[in-house]
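What follows is a short report on a single structure.
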Amino acid sequence: MNFLDRNEFNFEPSQKVKDAIREFDPKDLCFYTRIYDQGKKSVISVRVSELYGVPEEQVLLAYGGEDILKNSIHYFLMKGENKKILIPEFSWWYYNRVASECDGVFEMYPLHEKEDTFAYDVDEIIEYTNRVHPRMLLLASPNNPTGNSLSSEEIGRIMESIPNDTMVLVDEAYASFITSDVDYIAPLVNKYANLIISRTLSKFYGLPGLRCGFGFIGKGHDQFLSYVNKYLGYNRFSEAVALAALDSDEHYRKVAEQMDWGRQLYKKELGGLEGFKVYKSVANFILIKYPIAIKEPLQKALAAQDYKIKFMGDPGLESCLRITLGRPEQTQVVCDTIKQVFLNSQP
Ligand SMILES: Cc1ncc(COP(=O)(O)O)c(C=O)c1O
């Protein structure tokens with residue numbers, strides 16, 4: 001089966017990742033980490049701290065970006081009276097689920113459809129946040145499923161203009177596919193105590209099965225850190241693999257280039273067809289509006305070739321497909337199939 005429905009990784013892990021797995025000494029699992037003796041959480045938080053220039057104590061480690069999301073929403077919404085959380089309108093369905101788990105009261109702020117993209121309206125987000133005064137504001141950059149992002153200036157402008165007791169979580173799970181710039185993170189978390197930026201090894205580094213996420217938080221959250229940090233350390237096998245992945249940017253950058261080839265192909269082949277719209281994407285997936293009349297034949301044609309893509313069901317996006325950018329030959333099959341099913345549907 002070709003899984004292009006959950007934004008996973010259809011390429012090879014880097015050689016360094018494969019070597020790290022092969023060379024891992026099982027005896028390392030017989031002991032907890034000793035890095036605590038040096039006042040650090042993990043070899044990963046130390047490495048991430050070096051790579052991103054953020055002090056190690058402000059680095060968060062977790063069981064995927066999911067875990068950072070869950071820990072922070074649960075913690076901040078369960079403490080105190082204010083249980084309001086603002087979430088982008090078209091976004092990962094799981095945000096609402098996690099907020100509901102802790103009786104969060106969520107509201108959605110809009111995303112606006114433009115010529116070839118969905119876009120945040122930064123002024124509107126600022127106005128909305130000041131009016132509602134939520135305990136948390138969630139921003140996703142790039143956003144899933146729309147694929148649009150916020151610039152570091154826009155994140156800074158939002159942080160500057162909203163109440164400082166609103167915790168802001170920027171979910172950057174899909175960052176890195178277009179740019180390797182991370183220099184904006186340290187100044188932001190240095191300046192704003194109420195900011196969390198969350199990242200993961202599941203997307204750019206292609207290891208969703210490893211369950212390894214990391215993030216950064218502003219200063220002065222000792223209680224939250226004591227809540228999320230693991231006293232007995234982290235999974236030592238995952239740590240070894242994650243270190244190798246973080247050291248393999250060159251490999252994953254080449255993969256990202258192949259994904260870009262896929263973006264261009266969808267745009268070229270489908271962008272001009274009646275009833276289609278190929279949205280701009282800076283993530284490892286692409287959102288495409290299609291004539292919903294071909295939904296059933298398209299589902300059948302893809303299933304017959306063992307392909308899965310995501311047929312969106314969210315209100316407002318029912319006529320959209322979200323397709324993970326896979327290997328070039330996979331992209332070619334999906335693109336040809338969509339085109340063929342559409343042409344067959346024409347009178
Ligand atoms: C927007 C978004 N954030 C975070 C995640 C979490 O990924 P993980 O827990 O694998 O790091 C996902 C997974 O698909 C996602 O779509």
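Order determines the names: the first chain of the structure tokens is A, the second B, and so forth; residues in each chain are numbered 1 upward, and ligands are numbered 1 upward as they are shown.
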Near stretch 51-61 of chain A, counting only C-alpha atoms, which residues have an atom at most 10 Å away, once you skip same-chain residues fewer than 5 positions from it, shown as a PyMOL selection string?
chain A and resi 39-42+44-46+67-68+181-187+189-190+196-200+212-222+225+228-230+234+246-247
Just want the residues within 9 Å of ligand 1, written as an MDAnalysis selection string, counting only C-alpha atoms and all ligand atoms.
chainID A and resid 6:8 62:69 91:95 140:145 171:174 198:203 207:214
Those in stretch 13-198 of chain A with strand (DSSP E or B) from DSSP, as a VMD selection string:
chain A and resid 59 to 62 84 to 88 105 to 109 112 to 113 118 to 119 136 to 140 167 to 171 195 to 198
Given the selection you just returned, output its residues as a file containing C-alpha atoms, formatted as a compact mmCIF listing (two decimals), in the first residue's frame.
# COMPACT_ATOMS: atom_id res chain seq x y z
CA VAL A 59 14.22 22.86 25.30
CA LEU A 60 11.19 20.57 25.61
CA LEU A 61 11.37 16.89 24.69
CA ALA A 62 8.39 14.70 24.06
CA LYS A 84 -10.43 29.41 26.53
CA ILE A 85 -8.27 28.40 23.59
CA LEU A 86 -8.19 29.88 20.09
CA ILE A 87 -7.54 27.49 17.20
CA PRO A 88 -7.24 28.13 13.45
CA VAL A 105 -13.57 26.12 25.55
CA PHE A 106 -12.36 26.54 22.01
CA GLU A 107 -13.12 29.13 19.39
CA MET A 108 -11.90 29.18 15.84
CA TYR A 109 -10.34 32.20 14.21
CA HIS A 112 -8.92 33.31 4.40
CA GLU A 113 -8.92 31.78 0.96
CA PHE A 118 -5.18 30.07 2.51
CA ALA A 119 -3.80 32.86 4.68
CA MET A 136 -3.99 29.73 24.91
CA LEU A 137 -3.61 30.73 21.29
CA LEU A 138 -2.68 28.03 18.83
CA LEU A 139 -0.88 28.90 15.60
CA ALA A 140 0.19 26.25 13.11
CA MET A 167 0.26 31.17 26.19
CA VAL A 168 0.99 30.90 22.49
CA LEU A 169 1.81 27.53 20.99
CA VAL A 170 3.26 27.64 17.48
CA ASP A 171 3.02 24.17 16.00
CA LEU A 195 5.71 31.37 23.80
CA ILE A 196 6.16 27.68 22.95
CA ILE A 197 7.45 26.59 19.55
CA SER A 198 7.00 22.93 18.81
Would you list the contacts of A:Leu317 as a PDB file with N, CA, C and O atoms, in the first residue's frame, taking every protein, DNA or RNA residue within 12 Å and counting only C-alpha atoms, but skipping same-chain residues closer than 5 positions in sequence?
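In the end it all went to part17.pdb:
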ATOM      1  N   GLU A  89      -9.192  27.989  12.060  1.00  0.00           N
ATOM      2  CA  GLU A  89     -10.429  27.404  11.526  1.00  0.00           C
ATOM      3  C   GLU A  89     -10.201  26.066  10.792  1.00  0.00           C
ATOM      4  O   GLU A  89     -10.755  25.048  11.164  1.00  0.00           O
ATOM      5  N   PHE A  90      -9.375  26.079   9.770  1.00  0.00           N
ATOM      6  CA  PHE A  90      -9.084  24.831   9.080  1.00  0.00           C
ATOM      7  C   PHE A  90      -7.745  24.356   9.621  1.00  0.00           C
ATOM      8  O   PHE A  90      -6.708  24.906   9.278  1.00  0.00           O
ATOM      9  N   SER A  91      -7.774  23.365  10.477  1.00  0.00           N
ATOM     10  CA  SER A  91      -6.493  22.935  11.049  1.00  0.00           C
ATOM     11  C   SER A  91      -6.599  21.480  11.460  1.00  0.00           C
ATOM     12  O   SER A  91      -7.606  20.821  11.219  1.00  0.00           O
ATOM     13  N   LEU A 111      -9.319  31.451   8.659  1.00  0.00           N
ATOM     14  CA  LEU A 111      -8.254  31.493   7.652  1.00  0.00           C
ATOM     15  C   LEU A 111      -8.939  31.942   6.372  1.00  0.00           C
ATOM     16  O   LEU A 111     -10.084  31.569   6.136  1.00  0.00           O
ATOM     17  N   GLU A 113      -9.322  32.350   2.250  1.00  0.00           N
ATOM     18  CA  GLU A 113      -8.917  31.778   0.964  1.00  0.00           C
ATOM     19  C   GLU A 113      -8.523  32.899   0.014  1.00  0.00           C
ATOM     20  O   GLU A 113      -9.278  33.828  -0.219  1.00  0.00           O
ATOM     21  N   PHE A 118      -4.410  29.598   1.361  1.00  0.00           N
ATOM     22  CA  PHE A 118      -5.176  30.071   2.513  1.00  0.00           C
ATOM     23  C   PHE A 118      -4.212  30.946   3.296  1.00  0.00           C
ATOM     24  O   PHE A 118      -3.006  30.689   3.287  1.00  0.00           O
ATOM     25  N   PRO A 145      -4.524  21.326   7.243  1.00  0.00           N
ATOM     26  CA  PRO A 145      -4.180  20.831   5.912  1.00  0.00           C
ATOM     27  C   PRO A 145      -3.937  21.906   4.852  1.00  0.00           C
ATOM     28  O   PRO A 145      -3.736  21.558   3.695  1.00  0.00           O
ATOM     29  N   THR A 146      -3.970  23.188   5.234  1.00  0.00           N
ATOM     30  CA  THR A 146      -3.962  24.204   4.168  1.00  0.00           C
ATOM     31  C   THR A 146      -2.559  24.481   3.625  1.00  0.00           C
ATOM     32  O   THR A 146      -2.423  25.002   2.517  1.00  0.00           O
ATOM     33  N   LEU A 287      -2.610  20.582  -0.804  1.00  0.00           N
ATOM     34  CA  LEU A 287      -4.069  20.602  -0.781  1.00  0.00           C
ATOM     35  C   LEU A 287      -4.556  20.957  -2.187  1.00  0.00           C
ATOM     36  O   LEU A 287      -4.068  21.921  -2.785  1.00  0.00           O
ATOM     37  N   ILE A 288      -5.482  20.155  -2.670  1.00  0.00           N
ATOM     38  CA  ILE A 288      -5.979  20.375  -4.040  1.00  0.00           C
ATOM     39  C   ILE A 288      -7.507  20.357  -4.036  1.00  0.00           C
ATOM     40  O   ILE A 288      -8.123  19.408  -3.530  1.00  0.00           O
ATOM     41  N   LYS A 289      -8.108  21.424  -4.580  1.00  0.00           N
ATOM     42  CA  LYS A 289      -9.567  21.423  -4.742  1.00  0.00           C
ATOM     43  C   LYS A 289      -9.875  20.683  -6.038  1.00  0.00           C
ATOM     44  O   LYS A 289      -9.161  20.850  -7.026  1.00  0.00           O
ATOM     45  N   TYR A 290     -10.891  19.833  -6.008  1.00  0.00           N
ATOM     46  CA  TYR A 290     -11.218  19.036  -7.199  1.00  0.00           C
ATOM     47  C   TYR A 290     -12.735  18.977  -7.349  1.00  0.00           C
ATOM     48  O   TYR A 290     -13.468  19.237  -6.384  1.00  0.00           O
ATOM     49  N   PRO A 291     -13.216  18.624  -8.533  1.00  0.00           N
ATOM     50  CA  PRO A 291     -14.666  18.518  -8.701  1.00  0.00           C
ATOM     51  C   PRO A 291     -15.181  17.317  -7.914  1.00  0.00           C
ATOM     52  O   PRO A 291     -14.797  16.177  -8.221  1.00  0.00           O
ATOM     53  N   ILE A 292     -16.012  17.568  -6.909  1.00  0.00           N
ATOM     54  CA  ILE A 292     -16.416  16.498  -5.988  1.00  0.00           C
ATOM     55  C   ILE A 292     -17.161  15.373  -6.703  1.00  0.00           C
ATOM     56  O   ILE A 292     -17.207  14.250  -6.209  1.00  0.00           O
ATOM     57  N   LYS A 310      -5.859  11.568   1.184  1.00  0.00           N
ATOM     58  CA  LYS A 310      -6.899  12.003   2.130  1.00  0.00           C
ATOM     59  C   LYS A 310      -7.978  12.799   1.400  1.00  0.00           C
ATOM     60  O   LYS A 310      -7.701  13.853   0.819  1.00  0.00           O
ATOM     61  N   PHE A 311      -9.201  12.277   1.438  1.00  0.00           N
ATOM     62  CA  PHE A 311     -10.359  13.009   0.925  1.00  0.00           C
ATOM     63  C   PHE A 311     -10.907  13.803   2.107  1.00  0.00           C
ATOM     64  O   PHE A 311     -11.408  13.216   3.062  1.00  0.00           O
ATOM     65  N   MET A 312     -10.784  15.117   2.075  1.00  0.00           N
ATOM     66  CA  MET A 312     -11.122  15.932   3.234  1.00  0.00           C
ATOM     67  C   MET A 312     -12.629  15.889   3.516  1.00  0.00           C
ATOM     68  O   MET A 312     -13.438  15.881   2.589  1.00  0.00           O
ATOM     69  N   ARG A 322      -6.075  16.105   0.297  1.00  0.00           N
ATOM     70  CA  ARG A 322      -4.751  16.418   0.847  1.00  0.00           C
ATOM     71  C   ARG A 322      -3.851  15.229   0.517  1.00  0.00           C
ATOM     72  O   ARG A 322      -4.137  14.097   0.921  1.00  0.00           O
TER      73      ARG A 322
END
Fewer than 5 positions away in the same chain doesn't count, so skip those; otherwise give me all residues within 9 Å of A:Leu188, counting only C-alpha atoms, as a list in words.
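After dropping sequence-adjacent residues, the list is Ser152, Ile155, Gly156, Met159, Ala193, Leu195 and Gly218 of chain A.
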Could you save those same residues with C-alpha atoms as a PDB file, in the first residue's frame?
ATOM      1  CA  SER A 152       8.904  35.019  11.912  1.00  0.00           C
ATOM      2  CA  ILE A 155       4.838  35.588  14.851  1.00  0.00           C
ATOM      3  CA  GLY A 156       6.763  38.452  16.499  1.00  0.00           C
ATOM      4  CA  MET A 159       3.487  38.112  20.370  1.00  0.00           C
ATOM      5  CA  ALA A 193       7.928  34.115  28.188  1.00  0.00           C
ATOM      6  CA  LEU A 195       5.709  31.366  23.803  1.00  0.00           C
ATOM      7  CA  GLY A 218      10.134  31.151  26.993  1.00  0.00           C
TER       8      GLY A 218
END
Skipping near chain neighbours, those fewer than 5 positions away, what residues fall within 10 Å of A:Cys102 using only C-alpha atoms, listed as number ranges by chain?
A: 70, 73-78, 83, 97
Pick out each residue of stretch 30-177 of chain A that DSSP on the backbone tags as helix (DSSP H, G or I); I need them as an mmCIF file with N, CA and C atoms, in the first residue's frame.
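Listing of result13.cif after writing:
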data_model
loop_
_atom_site.group_PDB
_atom_site.id
_atom_site.type_symbol
_atom_site.label_atom_id
_atom_site.label_comp_id
_atom_site.auth_asym_id
_atom_site.auth_seq_id
_atom_site.Cartn_x
_atom_site.Cartn_y
_atom_site.Cartn_z
ATOM 1 N N CYS A 30 20.031 -1.105 29.410
ATOM 2 C CA CYS A 30 20.024 -1.686 30.763
ATOM 3 C C CYS A 30 20.173 -0.618 31.840
ATOM 4 N N ILE A 35 22.996 11.486 32.039
ATOM 5 C CA ILE A 35 23.229 12.889 31.713
ATOM 6 C C ILE A 35 22.586 13.824 32.753
ATOM 7 N N TYR A 36 21.671 13.238 33.541
ATOM 8 C CA TYR A 36 21.067 14.009 34.627
ATOM 9 C C TYR A 36 22.122 14.528 35.598
ATOM 10 N N ASP A 37 23.199 13.732 35.729
ATOM 11 C CA ASP A 37 24.273 14.138 36.649
ATOM 12 C C ASP A 37 24.868 15.475 36.232
ATOM 13 N N GLN A 38 24.752 15.781 34.935
ATOM 14 C CA GLN A 38 25.281 17.074 34.445
ATOM 15 C C GLN A 38 24.186 18.139 34.425
ATOM 16 N N VAL A 43 20.702 13.672 25.757
ATOM 17 C CA VAL A 43 21.663 14.058 24.717
ATOM 18 C C VAL A 43 20.940 14.827 23.606
ATOM 19 N N ILE A 44 19.658 14.573 23.461
ATOM 20 C CA ILE A 44 18.895 15.263 22.408
ATOM 21 C C ILE A 44 18.658 16.731 22.752
ATOM 22 N N SER A 45 18.264 16.996 23.987
ATOM 23 C CA SER A 45 18.040 18.409 24.342
ATOM 24 C C SER A 45 19.353 19.187 24.256
ATOM 25 N N VAL A 46 20.472 18.513 24.567
ATOM 26 C CA VAL A 46 21.774 19.170 24.470
ATOM 27 C C VAL A 46 22.078 19.502 23.004
ATOM 28 N N ARG A 47 21.836 18.532 22.123
ATOM 29 C CA ARG A 47 22.118 18.736 20.691
ATOM 30 C C ARG A 47 21.181 19.808 20.097
ATOM 31 N N VAL A 48 19.909 19.704 20.449
ATOM 32 C CA VAL A 48 18.931 20.674 19.936
ATOM 33 C C VAL A 48 19.287 22.081 20.426
ATOM 34 N N SER A 49 19.729 22.163 21.659
ATOM 35 C CA SER A 49 20.142 23.452 22.219
ATOM 36 C C SER A 49 21.288 24.047 21.393
ATOM 37 N N GLU A 50 22.253 23.191 21.021
ATOM 38 C CA GLU A 50 23.373 23.675 20.195
ATOM 39 C C GLU A 50 22.893 24.108 18.809
ATOM 40 N N LEU A 51 22.035 23.279 18.213
ATOM 41 C CA LEU A 51 21.603 23.549 16.836
ATOM 42 C C LEU A 51 20.739 24.806 16.726
ATOM 43 N N TYR A 52 19.932 25.054 17.750
ATOM 44 C CA TYR A 52 18.972 26.165 17.681
ATOM 45 C C TYR A 52 19.391 27.369 18.515
ATOM 46 N N GLU A 56 19.571 24.908 27.053
ATOM 47 C CA GLU A 56 19.043 23.548 27.193
ATOM 48 C C GLU A 56 17.814 23.490 28.095
ATOM 49 N N GLU A 57 17.798 24.316 29.161
ATOM 50 C CA GLU A 57 16.648 24.220 30.069
ATOM 51 C C GLU A 57 15.356 24.722 29.433
ATOM 52 N N GLN A 58 15.471 25.452 28.308
ATOM 53 C CA GLN A 58 14.250 25.894 27.617
ATOM 54 C C GLN A 58 13.855 24.958 26.469
ATOM 55 N N GLY A 65 5.439 15.635 18.448
ATOM 56 C CA GLY A 65 4.829 16.956 18.619
ATOM 57 C C GLY A 65 3.482 16.822 19.310
ATOM 58 N N GLU A 66 2.835 15.689 19.110
ATOM 59 C CA GLU A 66 1.544 15.417 19.745
ATOM 60 C C GLU A 66 1.627 15.591 21.255
ATOM 61 N N ASP A 67 2.724 15.120 21.808
ATOM 62 C CA ASP A 67 2.893 15.114 23.252
ATOM 63 C C ASP A 67 3.132 16.534 23.798
ATOM 64 N N ILE A 68 3.847 17.348 23.022
ATOM 65 C CA ILE A 68 4.075 18.739 23.444
ATOM 66 C C ILE A 68 2.732 19.470 23.449
ATOM 67 N N LEU A 69 1.970 19.211 22.400
ATOM 68 C CA LEU A 69 0.636 19.795 22.276
ATOM 69 C C LEU A 69 -0.231 19.405 23.474
ATOM 70 N N LYS A 70 -0.272 18.113 23.735
ATOM 71 C CA LYS A 70 -1.127 17.593 24.791
ATOM 72 C C LYS A 70 -0.680 18.111 26.161
ATOM 73 N N ASN A 71 0.609 18.003 26.429
ATOM 74 C CA ASN A 71 1.115 18.449 27.723
ATOM 75 C C ASN A 71 0.830 19.923 27.957
ATOM 76 N N SER A 72 1.076 20.746 26.926
ATOM 77 C CA SER A 72 0.921 22.179 27.167
ATOM 78 C C SER A 72 -0.550 22.565 27.257
ATOM 79 N N ILE A 73 -1.387 22.009 26.391
ATOM 80 C CA ILE A 73 -2.813 22.368 26.471
ATOM 81 C C ILE A 73 -3.390 21.875 27.799
ATOM 82 N N HIS A 74 -3.116 20.642 28.154
ATOM 83 C CA HIS A 74 -3.650 20.113 29.416
ATOM 84 C C HIS A 74 -3.162 20.954 30.596
ATOM 85 N N TYR A 75 -1.892 21.251 30.618
ATOM 86 C CA TYR A 75 -1.323 21.964 31.771
ATOM 87 C C TYR A 75 -1.914 23.376 31.886
ATOM 88 N N PHE A 76 -1.853 24.126 30.788
ATOM 89 C CA PHE A 76 -2.246 25.536 30.902
ATOM 90 C C PHE A 76 -3.763 25.714 31.008
ATOM 91 N N LEU A 77 -4.530 24.804 30.406
ATOM 92 C CA LEU A 77 -5.987 24.970 30.520
ATOM 93 C C LEU A 77 -6.515 24.439 31.850
ATOM 94 N N MET A 78 -5.808 23.498 32.450
ATOM 95 C CA MET A 78 -6.324 22.933 33.691
ATOM 96 C C MET A 78 -5.980 23.786 34.910
ATOM 97 N N TYR A 94 -7.162 17.289 15.617
ATOM 98 C CA TYR A 94 -6.737 16.812 16.931
ATOM 99 C C TYR A 94 -6.631 17.953 17.963
ATOM 100 N N TYR A 95 -6.417 19.191 17.473
ATOM 101 C CA TYR A 95 -6.345 20.329 18.410
ATOM 102 C C TYR A 95 -7.628 20.398 19.252
ATOM 103 N N ASN A 96 -8.768 20.299 18.565
ATOM 104 C CA ASN A 96 -10.054 20.379 19.272
ATOM 105 C C ASN A 96 -10.214 19.220 20.245
ATOM 106 N N ARG A 97 -9.786 18.054 19.809
ATOM 107 C CA ARG A 97 -9.916 16.868 20.654
ATOM 108 C C ARG A 97 -9.129 17.047 21.950
ATOM 109 N N VAL A 98 -7.889 17.513 21.813
ATOM 110 C CA VAL A 98 -7.049 17.670 23.008
ATOM 111 C C VAL A 98 -7.653 18.748 23.924
ATOM 112 N N ALA A 99 -8.137 19.831 23.332
ATOM 113 C CA ALA A 99 -8.750 20.889 24.153
ATOM 114 C C ALA A 99 -9.982 20.341 24.869
ATOM 115 N N SER A 100 -10.766 19.498 24.187
ATOM 116 C CA SER A 100 -11.981 18.940 24.806
ATOM 117 C C SER A 100 -11.625 18.024 25.965
ATOM 118 N N GLU A 101 -10.497 17.324 25.859
ATOM 119 C CA GLU A 101 -10.104 16.376 26.921
ATOM 120 C C GLU A 101 -9.975 17.060 28.274
ATOM 121 N N VAL A 122 -3.114 38.439 10.224
ATOM 122 C CA VAL A 122 -2.431 38.672 11.497
ATOM 123 C C VAL A 122 -3.165 39.724 12.343
ATOM 124 N N ASP A 123 -3.624 40.794 11.700
ATOM 125 C CA ASP A 123 -4.344 41.834 12.462
ATOM 126 C C ASP A 123 -5.614 41.262 13.087
ATOM 127 N N GLU A 124 -6.260 40.398 12.315
ATOM 128 C CA GLU A 124 -7.493 39.790 12.817
ATOM 129 C C GLU A 124 -7.193 38.871 14.014
ATOM 130 N N ILE A 125 -6.103 38.103 13.921
ATOM 131 C CA ILE A 125 -5.734 37.212 15.034
ATOM 132 C C ILE A 125 -5.454 38.045 16.291
ATOM 133 N N ILE A 126 -4.751 39.169 16.102
ATOM 134 C CA ILE A 126 -4.427 40.038 17.244
ATOM 135 C C ILE A 126 -5.716 40.599 17.852
ATOM 136 N N GLU A 127 -6.598 41.072 16.987
ATOM 137 C CA GLU A 127 -7.860 41.663 17.472
ATOM 138 C C GLU A 127 -8.686 40.598 18.196
ATOM 139 N N TYR A 128 -8.776 39.427 17.589
ATOM 140 C CA TYR A 128 -9.564 38.308 18.143
ATOM 141 C C TYR A 128 -9.003 37.922 19.518
ATOM 142 N N THR A 129 -7.695 37.808 19.593
ATOM 143 C CA THR A 129 -7.063 37.353 20.846
ATOM 144 C C THR A 129 -7.278 38.385 21.957
ATOM 145 N N ASN A 130 -7.182 39.656 21.620
ATOM 146 C CA ASN A 130 -7.394 40.685 22.645
ATOM 147 C C ASN A 130 -8.849 40.715 23.096
ATOM 148 N N ARG A 131 -9.753 40.461 22.173
ATOM 149 C CA ARG A 131 -11.184 40.489 22.513
ATOM 150 C C ARG A 131 -11.560 39.283 23.380
ATOM 151 N N VAL A 132 -11.106 38.088 22.970
ATOM 152 C CA VAL A 132 -11.500 36.858 23.681
ATOM 153 C C VAL A 132 -10.636 36.628 24.929
ATOM 154 N N SER A 152 8.454 34.752 10.537
ATOM 155 C CA SER A 152 8.904 35.019 11.912
ATOM 156 C C SER A 152 8.481 36.434 12.334
ATOM 157 N N GLU A 153 8.449 37.366 11.368
ATOM 158 C CA GLU A 153 8.008 38.744 11.701
ATOM 159 C C GLU A 153 6.552 38.719 12.146
ATOM 160 N N GLU A 154 5.750 37.907 11.458
ATOM 161 C CA GLU A 154 4.320 37.842 11.821
ATOM 162 C C GLU A 154 4.147 37.225 13.214
ATOM 163 N N ILE A 155 4.931 36.181 13.501
ATOM 164 C CA ILE A 155 4.838 35.588 14.851
ATOM 165 C C ILE A 155 5.228 36.659 15.876
ATOM 166 N N GLY A 156 6.304 37.393 15.586
ATOM 167 C CA GLY A 156 6.763 38.452 16.499
ATOM 168 C C GLY A 156 5.696 39.518 16.694
ATOM 169 N N ARG A 157 5.036 39.897 15.610
ATOM 170 C CA ARG A 157 4.005 40.942 15.707
ATOM 171 C C ARG A 157 2.837 40.459 16.580
ATOM 172 N N ILE A 158 2.466 39.200 16.410
ATOM 173 C CA ILE A 158 1.371 38.662 17.237
ATOM 174 C C ILE A 158 1.800 38.675 18.707
ATOM 175 N N MET A 159 3.017 38.186 18.977
ATOM 176 C CA MET A 159 3.487 38.112 20.370
ATOM 177 C C MET A 159 3.513 39.498 21.029
ATOM 178 N N GLU A 160 3.891 40.499 20.234
ATOM 179 C CA GLU A 160 4.046 41.858 20.746
ATOM 180 C C GLU A 160 2.698 42.489 21.105
ATOM 181 N N SER A 161 1.624 41.997 20.469
ATOM 182 C CA SER A 161 0.360 42.732 20.524
ATOM 183 C C SER A 161 -0.750 42.032 21.289
#
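Separating atom CA of A:Gln15 from atom CA of A:Ala175 is a distance of 22.2 Å.
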Just checking: using only C-alpha atoms, which residue out of A:Leu343, A:Leu325, A:Val334, A:Ala304 ends up closest to A:Ala283?
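Smallest separation from A:Ala283 among the options: A:Leu325.
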Would you pick out the contacts of A:Gln299 at 12 Å or less, using only C-alpha atoms, so that residues sharing its chain but fewer than 3 positions from it are not included, and give the list as an MDAnalysis selection string?
chainID A and resid 292:296 302:311 321 334 337:338 341
Go ahead and write the residues just picked, N, CA and C atoms, as an mmCIF file, in the first residue's frame.
data_model
loop_
_atom_site.group_PDB
_atom_site.id
_atom_site.type_symbol
_atom_site.label_atom_id
_atom_site.label_comp_id
_atom_site.auth_asym_id
_atom_site.auth_seq_id
_atom_site.Cartn_x
_atom_site.Cartn_y
_atom_site.Cartn_z
ATOM 1 N N ILE A 292 -16.012 17.568 -6.909
ATOM 2 C CA ILE A 292 -16.416 16.498 -5.988
ATOM 3 C C ILE A 292 -17.161 15.373 -6.703
ATOM 4 N N ALA A 293 -17.695 15.666 -7.891
ATOM 5 C CA ALA A 293 -18.426 14.635 -8.651
ATOM 6 C C ALA A 293 -17.534 13.434 -8.973
ATOM 7 N N ILE A 294 -16.217 13.622 -8.992
ATOM 8 C CA ILE A 294 -15.339 12.485 -9.340
ATOM 9 C C ILE A 294 -14.826 11.738 -8.094
ATOM 10 N N LYS A 295 -15.375 12.097 -6.934
ATOM 11 C CA LYS A 295 -14.851 11.507 -5.685
ATOM 12 C C LYS A 295 -14.865 9.970 -5.713
ATOM 13 N N GLU A 296 -16.042 9.407 -6.023
ATOM 14 C CA GLU A 296 -16.157 7.949 -5.959
ATOM 15 C C GLU A 296 -15.272 7.229 -6.977
ATOM 16 N N LEU A 302 -7.817 4.866 -7.262
ATOM 17 C CA LEU A 302 -6.617 4.888 -6.412
ATOM 18 C C LEU A 302 -6.508 3.584 -5.620
ATOM 19 N N ALA A 303 -7.645 3.128 -5.084
ATOM 20 C CA ALA A 303 -7.636 1.886 -4.293
ATOM 21 C C ALA A 303 -7.184 0.719 -5.165
ATOM 22 N N ALA A 304 -7.596 0.716 -6.422
ATOM 23 C CA ALA A 304 -7.227 -0.381 -7.331
ATOM 24 C C ALA A 304 -5.714 -0.449 -7.524
ATOM 25 N N GLN A 305 -5.056 0.703 -7.333
ATOM 26 C CA GLN A 305 -3.582 0.706 -7.493
ATOM 27 C C GLN A 305 -2.860 0.732 -6.139
ATOM 28 N N ASP A 306 -3.632 0.464 -5.059
ATOM 29 C CA ASP A 306 -3.061 0.443 -3.705
ATOM 30 C C ASP A 306 -2.534 1.803 -3.252
ATOM 31 N N TYR A 307 -3.288 2.850 -3.553
ATOM 32 C CA TYR A 307 -2.889 4.189 -3.112
ATOM 33 C C TYR A 307 -3.926 4.762 -2.174
ATOM 34 N N LYS A 308 -3.451 5.408 -1.104
ATOM 35 C CA LYS A 308 -4.363 6.112 -0.187
ATOM 36 C C LYS A 308 -3.991 7.577 -0.143
ATOM 37 N N ILE A 309 -4.948 8.456 -0.391
ATOM 38 C CA ILE A 309 -4.750 9.889 -0.165
ATOM 39 C C ILE A 309 -5.892 10.337 0.734
ATOM 40 N N LYS A 310 -5.859 11.568 1.184
ATOM 41 C CA LYS A 310 -6.899 12.003 2.130
ATOM 42 C C LYS A 310 -7.978 12.799 1.400
ATOM 43 N N PHE A 311 -9.201 12.277 1.438
ATOM 44 C CA PHE A 311 -10.359 13.009 0.925
ATOM 45 C C PHE A 311 -10.907 13.803 2.107
ATOM 46 N N LEU A 321 -8.645 17.533 -1.638
ATOM 47 C CA LEU A 321 -7.808 16.369 -1.370
ATOM 48 C C LEU A 321 -6.554 16.860 -0.677
ATOM 49 N N VAL A 334 -0.366 9.178 -8.799
ATOM 50 C CA VAL A 334 -1.539 9.865 -8.246
ATOM 51 C C VAL A 334 -1.995 10.968 -9.189
ATOM 52 N N THR A 337 -3.590 9.536 -12.274
ATOM 53 C CA THR A 337 -4.899 8.938 -11.969
ATOM 54 C C THR A 337 -5.967 10.021 -11.816
ATOM 55 N N ILE A 338 -5.633 11.075 -11.088
ATOM 56 C CA ILE A 338 -6.612 12.159 -10.913
ATOM 57 C C ILE A 338 -6.989 12.731 -12.279
ATOM 58 N N VAL A 341 -9.121 10.182 -14.362
ATOM 59 C CA VAL A 341 -10.507 10.045 -13.855
ATOM 60 C C VAL A 341 -11.294 11.301 -14.219
#
Of the candidates A:Asn164, A:Ser151, A:Gln340, A:Gln258, which shows the shortest atom-to-atom distance to A:Arg135, using only C-alpha atoms?
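Among A:Asn164, A:Ser151, A:Gln340, A:Gln258, it is A:Asn164 that comes nearest to A:Arg135.
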Using only C-alpha atoms, pick whichever of A:Ser149, A:Thr179, A:Thr331, A:Gln223 has the shortest atom-to-atom distance to A:Met259.
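Of A:Ser149, A:Thr179, A:Thr331, A:Gln223, the one nearest A:Met259, counting only C-alpha atoms, is A:Thr331.
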Neighbouring residues of A:Gly262 were defined as those with any atom within 9 Å, considering only C-alpha atoms; residues of the same chain fewer than 2 positions away were excluded. Please report them as a list in words.
Glu257, Gln258, Met259, Asp260, Gln264, Leu265, Tyr266, Lys267, Leu325, Gly326, Arg327, Pro328, Thr331 and Gln332 of chain A
